[in-house]
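Colleague: Okay, here's the structure, questions in a sec.
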Amino acid sequence: MVDVAVERNSAAPAPKIRKRASLRTALKRKSTAAFLMTLPLILLISLLVIYPAFYSLHLATLNKSMQRFVGLGNFQFLFTRETFWLVVEQSCIFAITAVVFKALIGFVVAHFVHNIPAKGQRKWRGMLLVPWVIPPAMSTLAWLWLFDPSYSAFNYLLAGVGVDRIPWTGETGWARFSVILVNIWVGAPFFMIMYLASLKSVPDQLYEAAAIDGANWWQRIWYVTLPMMRNIIAITTLFSLIVTFANFDIVRILTAGGPLDRTHIFATWAFRIGIEGGDIPLGASVSLFMIPILAIAAVFILRDINKRGNEA
Amino acid sequence: MTSTTVIDKSAPTRAVKLRSMSRDRTWALRWSYFFLTLFAIFALIPPLYMLITSLKTSAEISAATNPWWVYHPTLSNYVELLTSNQFLTFFRNSALVSIFVVTITMLISVPAAFALARMRFWGSATLATGVFLTYLIPETLLFLPLFKMFVVFGDLTGIQLINKWYVLLIVYPTLTVPFCTWIMIGYFASIPKELDEAAIIDGASWFQTLTRIFIPVALPGLIAATIFAFTVSWAQFLYPLVFTTSTDQLVLPVGIITTLIKGDVFAWGQIMTGALLGAAPPLIIYAFLMDYYIAGLTAGATKG
């Protein structure tokens, strides 16, 4: 703002009082205009994001009928429940496993796409991104049908090679596997696209130089690709960690937390307690447990983004 | 490392190396195509299976035939759904919600991004970071307090928002506006300062600078943000599940799941048809505007 004013002053050859005055009013108008332009955004964020976030803290201290203050009673109650610890454990297993596999598959697929001639890349990229484009609620329905206990199309194929039918959503181990598999299916294309974009920004000369120095493909990945992509990998992984950790659609539709709460994660359990069970304060307390992980991820993302800003 | 290798660039062994490299390259290509095919099959199985099932009658679905093949293709599921008032209501609600949300999002985020990118004022940097942080807050954290807020609001003012489709117009922008503002800040910031300085010197107001310079120049970013807002509001599942319950107020994803799944009876032919129709609008947009779609996807982390 200051630069502009100074430049414009120096550009004006003769000091005209009238022009100065109009400049000052323009500046005054500018900050008012800027404020008015951001006002809807500020209102939206403060009323519908920040206020509810704090309201949720308040709700968590009330009893079920929301008339009595119980302090940390809800949290004490949660700590004594076995299901709660199950949910904590499952959320962590779920998020970490899914994100690691998404990142690995995304990395590998991005390399394959990057390897083939540029002409065909568009077509492959187009096909591979389809899982990300379909609304997760809709594609999870397709998975639910593929995993159907009696008509599973996968079991039909497995029966063809002599494998027994698999209880995809009916048994603890398999249900967890299915939920994670669907999550990887939805999320891996996002990693693929991000990695592909950053692979394209690695200058070819670096690879040529490494090849001439006698680096094999593994060394090229380890010493050239990975260092160049470090930032994107970090940001994408953290983004995905947040989204996966707070996921709702997939678990809700695929297993609804079953069998016997063995696939519940924070979001689905909070929904079960808060909306279906009608205990909003307890549900709010459950969802508050997502905050620490989200906060840690957010701090790291912000740091990376600021770093990027400084490098550029 | 870079500096030393650049000197080595014209090494005499280049021709020999090139031949072995090209053989390696053919093999790498073959392997790439092989694995890409595998991954593409993995990626496309669910949508293809939706299509396969949607073309079958209930009798064929429950028969013990090969589920991966359609023996008697029929469009009856499509006809049934597209003539059912209930399904058309879901579709209309979804379309209305998405169109309004996209409009609201653009009206809020474009001016805000312009102000944050160009008209630096007190607290603008903090606000920009705040916008980004808001984008990181998931909806699963906010649905319970929001639900309670709307109930209390209804009790206080007598305006019932719960179980009305338009309540979604209030909550969806919390998901779309932060990200759209964030990527628009990136696009606006990349426009050369000389352009708007020239406009100001020519006597344009701030509003004119926005509509005549920034919006046309940043049009690709605007399209990417619009696509993002549309796909997010079309796909959102948790908020409509929480805030709407009666069948005439539901949007497509929730409508399909709550009405077509009746107890233990799954009308799979219709469910898959509905799911495919629900997935169609984002897929069509993606098919035609893939580059914008991808630009929007990668902008969140690469711009900033």
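The chains in the structure tokens are called A, B, ... from first to last as shown; in each chain the residues are counted from 1, and the ligands are counted from 1 in the order shown.
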Tell me the residues of chain A close to chain B, meaning within 7 Å using only C-alpha atoms, as a CSV table (one decimal) with N, CA and C atoms, in the first residue's frame.
Modeller:
chain,number,residue,atom,x,y,z
A,1,MET,N,0.8,-1.2,0.0
A,1,MET,CA,0.0,0.0,0.0
A,1,MET,C,0.9,1.2,0.0
A,31,SER,N,-9.1,1.4,2.4
A,31,SER,CA,-9.2,0.5,3.5
A,31,SER,C,-10.6,0.2,3.9
A,34,ALA,N,-11.7,-2.4,1.4
A,34,ALA,CA,-11.0,-3.7,1.7
A,34,ALA,C,-11.8,-4.4,2.9
A,37,MET,N,-15.1,-5.6,1.7
A,37,MET,CA,-14.9,-6.8,0.8
A,37,MET,C,-14.7,-8.1,1.6
A,38,THR,N,-13.9,-8.0,2.8
A,38,THR,CA,-13.6,-9.2,3.5
A,38,THR,C,-14.7,-9.4,4.6
A,40,PRO,N,-18.0,-10.2,4.6
A,40,PRO,CA,-18.7,-11.5,4.6
A,40,PRO,C,-17.9,-12.7,5.0
A,41,LEU,N,-16.6,-12.7,4.5
A,41,LEU,CA,-15.7,-13.8,4.9
A,41,LEU,C,-15.5,-13.9,6.4
A,44,LEU,N,-18.7,-15.1,8.1
A,44,LEU,CA,-18.9,-16.5,7.9
A,44,LEU,C,-18.0,-17.3,8.8
A,45,ILE,N,-16.7,-17.0,8.8
A,45,ILE,CA,-15.7,-17.8,9.6
A,45,ILE,C,-16.0,-17.6,11.0
A,48,LEU,N,-19.8,-19.2,11.8
A,48,LEU,CA,-20.1,-20.6,11.5
A,48,LEU,C,-18.9,-21.6,11.6
A,49,VAL,N,-17.7,-21.0,12.0
A,49,VAL,CA,-16.6,-21.9,12.2
A,49,VAL,C,-16.0,-21.7,13.6
A,52,PRO,N,-18.9,-22.0,16.5
A,52,PRO,CA,-19.3,-23.4,16.8
A,52,PRO,C,-18.1,-24.2,17.5
A,53,ALA,N,-16.9,-23.9,17.1
A,53,ALA,CA,-15.8,-24.6,17.6
A,53,ALA,C,-15.7,-24.4,19.1
A,55,TYR,N,-18.3,-23.2,20.9
A,55,TYR,CA,-19.5,-23.7,21.5
A,55,TYR,C,-19.4,-25.2,21.8
A,56,SER,N,-18.7,-25.9,20.9
A,56,SER,CA,-18.5,-27.3,21.1
A,56,SER,C,-17.8,-27.6,22.4
A,109,VAL,N,2.5,-44.7,-8.6
A,109,VAL,CA,1.7,-44.5,-9.8
A,109,VAL,C,2.2,-43.2,-10.5
A,112,PHE,N,5.1,-44.0,-12.6
A,112,PHE,CA,4.7,-44.7,-13.9
A,112,PHE,C,4.1,-43.8,-14.9
A,115,ASN,N,6.7,-41.7,-16.4
A,115,ASN,CA,7.6,-42.5,-17.3
A,115,ASN,C,7.2,-42.6,-18.7
A,116,ILE,N,5.9,-42.7,-18.9
A,116,ILE,CA,5.4,-43.0,-20.3
A,116,ILE,C,5.4,-41.7,-21.1
A,127,MET,N,-8.0,-41.4,-16.3
A,127,MET,CA,-8.6,-42.6,-15.7
A,127,MET,C,-8.3,-42.8,-14.3
A,128,LEU,N,-7.0,-42.5,-13.9
A,128,LEU,CA,-6.6,-42.8,-12.5
A,128,LEU,C,-7.2,-41.8,-11.5
A,130,VAL,N,-10.3,-40.8,-11.6
A,130,VAL,CA,-11.8,-41.0,-11.4
A,130,VAL,C,-12.2,-41.3,-10.0
A,131,PRO,N,-11.5,-42.1,-9.2
A,131,PRO,CA,-12.0,-42.4,-7.8
A,131,PRO,C,-12.1,-41.1,-7.0
A,133,VAL,N,-12.9,-38.2,-8.1
A,133,VAL,CA,-13.9,-37.3,-8.7
A,133,VAL,C,-15.3,-37.7,-8.2
A,134,ILE,N,-15.6,-39.0,-8.2
A,134,ILE,CA,-16.9,-39.5,-7.8
A,134,ILE,C,-17.1,-39.2,-6.3
A,135,PRO,N,-18.3,-38.6,-6.0
A,135,PRO,CA,-18.6,-38.4,-4.6
A,135,PRO,C,-18.4,-39.6,-3.7
A,137,ALA,N,-19.6,-40.8,-1.1
A,137,ALA,CA,-20.7,-41.5,-0.6
A,137,ALA,C,-21.3,-42.4,-1.7
A,138,MET,N,-21.2,-42.0,-3.0
A,138,MET,CA,-21.7,-42.8,-4.1
A,138,MET,C,-20.7,-44.0,-4.4
A,139,SER,N,-19.4,-43.7,-4.4
A,139,SER,CA,-18.5,-44.8,-4.7
A,139,SER,C,-18.5,-45.8,-3.6
A,142,ALA,N,-20.9,-48.4,-4.1
A,142,ALA,CA,-20.5,-49.5,-5.1
A,142,ALA,C,-19.6,-50.5,-4.4
A,143,TRP,N,-18.7,-50.0,-3.5
A,143,TRP,CA,-17.9,-50.9,-2.7
A,143,TRP,C,-18.7,-51.8,-1.8
A,153,ALA,N,-19.2,-59.7,-5.6
A,153,ALA,CA,-18.6,-59.9,-6.9
A,153,ALA,C,-17.1,-60.3,-6.7
A,185,TRP,N,-8.4,-46.3,-2.0
A,185,TRP,CA,-8.9,-46.2,-3.3
A,185,TRP,C,-9.3,-44.7,-3.6
A,194,MET,N,-0.8,-34.8,-7.1
A,194,MET,CA,0.2,-33.8,-6.5
A,194,MET,C,1.6,-34.2,-6.8
A,209,ALA,N,22.3,-35.4,-15.2
A,209,ALA,CA,23.6,-35.3,-14.5
A,209,ALA,C,23.8,-36.5,-13.6
A,235,ILE,N,3.4,-31.7,2.7
A,235,ILE,CA,2.1,-31.0,2.7
A,235,ILE,C,1.0,-32.0,2.4
A,246,ALA,N,-10.4,-37.4,10.0
A,246,ALA,CA,-11.7,-36.9,10.3
A,246,ALA,C,-12.8,-37.5,9.4
A,249,ASP,N,-17.8,-40.4,5.8
A,249,ASP,CA,-18.6,-41.1,4.7
A,249,ASP,C,-18.4,-42.5,4.6
A,267,ALA,N,-15.3,-39.7,14.1
A,267,ALA,CA,-16.5,-39.0,13.5
A,267,ALA,C,-17.7,-39.8,13.5
A,274,GLY,N,-24.1,-38.6,19.3
A,274,GLY,CA,-24.6,-37.2,19.3
A,274,GLY,C,-26.0,-37.1,18.6
A,280,ILE,N,-25.9,-35.0,22.6
A,280,ILE,CA,-25.0,-34.0,21.9
A,280,ILE,C,-23.7,-33.7,22.7
A,284,ALA,N,-20.1,-34.3,21.3
A,284,ALA,CA,-19.1,-33.2,21.1
A,284,ALA,C,-17.8,-33.5,21.8
A,287,SER,N,-15.8,-35.8,19.6
A,287,SER,CA,-15.2,-35.1,18.4
A,287,SER,C,-14.1,-34.2,18.7
A,288,LEU,N,-14.1,-33.7,20.0
A,288,LEU,CA,-13.1,-32.8,20.4
A,288,LEU,C,-11.7,-33.5,20.4
A,305,ILE,N,4.2,-24.3,4.5
A,305,ILE,CA,3.7,-23.3,3.5
A,305,ILE,C,4.5,-22.0,3.6
A,309,GLY,N,6.8,-20.1,0.9
A,309,GLY,CA,6.7,-18.7,0.5
A,309,GLY,C,8.0,-18.0,0.6
Colleague: Leaving out A:Asn183 and any residue of its chain fewer than 6 positions from it, which residues lie within 8 Å of it when counting only C-alpha atoms, given as a JSON list (two decimals) with C-alpha atoms, in the first residue's frame?
Modeller:
[["chain", "number", "residue", "atom", "x", "y", "z"],
["A", 98, "ALA", "CA", -4.49, -45.44, 4.93],
["A", 244, "THR", "CA", -8.52, -39.31, 6.70],
["A", 250, "ILE", "CA", -16.72, -44.24, 4.08]]
Colleague: Do you know which residues are at most 8 Å from A:Gly187 counting only C-alpha atoms, after dropping those on the same chain fewer than 6 positions away, and could you put them as an mmCIF file with C-alpha atoms, in the first residue's frame?
Modeller:
data_model
loop_
_atom_site.group_PDB
_atom_site.id
_atom_site.type_symbol
_atom_site.label_atom_id
_atom_site.label_comp_id
_atom_site.auth_asym_id
_atom_site.auth_seq_id
_atom_site.Cartn_x
_atom_site.Cartn_y
_atom_site.Cartn_z
ATOM 1 C CA LYS A 102 -2.069 -43.677 -0.231
ATOM 2 C CA PRO A 131 -11.957 -42.391 -7.833
ATOM 3 C CA TRP A 132 -11.274 -38.910 -6.490
ATOM 4 C CA SER A 240 -4.469 -36.290 3.815
#
Colleague: Any idea what the distance is between atom CA of A:Ala103 and atom CA of A:Leu129?
Modeller: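 A separation of 14.6 Å between them.
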Colleague: Nearest to B:Val101 among B:Tyr239, B:Tyr166, B:Phe188, B:Phe288, with distances taken over only C-alpha atoms: which residue is it?
Modeller: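 Nearest candidate to B:Val101 out of B:Tyr239, B:Tyr166, B:Phe188, B:Phe288: B:Tyr166.
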